[in-house]
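Colleague: I'd like to ask you about the structure that follows.
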Amino acid sequence: GGDLTLGVRRDTPIEILKAINQAFLKAIDAPKFQEVLKHNVGYKVVLTPVEADKLAAYKECVTAWTFKELGIAKVDPAQIGIPKPEEFDKWWPPKDYQPRLT
């Protein structure tokens, strides 16, 4: 499967984040977007910014450790503080995590 995901830099000004969020929520209800979903056997899942942060962090965790296990990681995920997937729930949210939007 795949995701259609909207991502922006974490240091994007909050006013811009709010505007993007409002536009995104409006766009996903547009008939054209619904047509694309139907045509591609997709379904709409809308996450809050905090939920999206958590999911993105988990996917990064899984990918980083999979690459390590395959021997293709350029950096050991443990060295940069990425927990193993089975340890993720104990780790999330990281100590310095501050959601930009809730």
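Chain labels A, B, ... are given in the sequence in which chains occur in the structure tokens; within each chain residues are numbered consecutively from 1, and ligands are likewise numbered from 1 in the order shown.
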Env of Gln98 (chain A): 12 Å cut, atoms = only C-alpha atoms, seq-sep filter 3 positions within chain, self excluded. Answer as an MDAnalysis selection string.
Modeller: chainID A and resid 10:11 49:50 53:54 92:95 101:102
Colleague: From the DSSP assignment of the backbone, select every residue of chain A that is alpha helix (DSSP H), and format the answer as a PyMOL selection string.
Modeller: chain A and resi 14-27+31-39+49-70+88-91
Colleague: Within 12 Å of region 81-83 of chain A, counting only C-alpha atoms, which residues show up once you throw out same-chain ones fewer than 2 positions away? Write them as a ChimeraX atom specification, please.
Modeller: /A:57-66,68,75-79,85-95
Colleague: Compare A:Thr12, A:Thr5, A:Phe33, A:Glu69 by their minimum atom-to-atom distance to Leu47 (chain A), counting only C-alpha atoms, and give me the closest one.
Modeller: A:Thr5
Colleague: CA of Val36 (chain A) to CA of Phe24 (chain A): how many Å, to one decimal?
Modeller: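 Taking CA of Val36 (chain A) as the start and CA of Phe24 (chain A) as the end point, the length is 15.2 Å.
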Colleague: Would you compute the distance between CA of Leu25 (chain A) and CA of Arg100 (chain A)? Give it in Å to one decimal.
Modeller: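 Taking CA of Leu25 (chain A) and CA of Arg100 (chain A), their separation equals 16.9 Å.
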Colleague: Show me, as a ChimeraX atom specification, the residues that have an atom within 9 Å of Gln34 (chain A) when counting only C-alpha atoms, minus same-chain residues fewer than 5 positions from it.
Modeller: /A:28-29,39,42-44
Colleague: Keeping only N, CA and C atoms, write the selected residues to a file as a PDB file, in the first residue's frame.
Modeller:
ATOM      1  N   ILE A  28      -9.447  17.663   0.716  1.00  0.00           N
ATOM      2  CA  ILE A  28      -9.717  16.219   0.745  1.00  0.00           C
ATOM      3  C   ILE A  28     -11.201  15.890   0.634  1.00  0.00           C
ATOM      4  N   ASP A  29     -12.039  16.893   0.826  1.00  0.00           N
ATOM      5  CA  ASP A  29     -13.473  16.676   0.645  1.00  0.00           C
ATOM      6  C   ASP A  29     -13.957  17.072  -0.749  1.00  0.00           C
ATOM      7  N   HIS A  39     -11.125   5.921  -7.958  1.00  0.00           N
ATOM      8  CA  HIS A  39     -10.453   5.356  -9.129  1.00  0.00           C
ATOM      9  C   HIS A  39      -9.258   4.492  -8.727  1.00  0.00           C
ATOM     10  N   GLY A  42      -8.779   3.801  -3.176  1.00  0.00           N
ATOM     11  CA  GLY A  42      -8.221   4.380  -1.966  1.00  0.00           C
ATOM     12  C   GLY A  42      -9.304   4.744  -0.983  1.00  0.00           C
ATOM     13  N   TYR A  43      -8.892   5.117   0.176  1.00  0.00           N
ATOM     14  CA  TYR A  43      -9.827   5.594   1.179  1.00  0.00           C
ATOM     15  C   TYR A  43      -9.162   6.720   1.955  1.00  0.00           C
ATOM     16  N   LYS A  44      -9.988   7.571   2.481  1.00  0.00           N
ATOM     17  CA  LYS A  44      -9.512   8.766   3.153  1.00  0.00           C
ATOM     18  C   LYS A  44      -9.293   8.480   4.629  1.00  0.00           C
TER      19      LYS A  44
END
Colleague: Calculate how many Å separate CA of Glu35 (chain A) from CA of Leu4 (chain A), rounding to one decimal.
Modeller: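 Distance reported for this atom pair: 14.5 Å.
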Colleague: Counting only C-alpha atoms, which residue out of A:Val8, A:Ala52, A:Ile20, A:Val46 sits closest to Pro99 (chain A)?
Modeller: A:Ala52
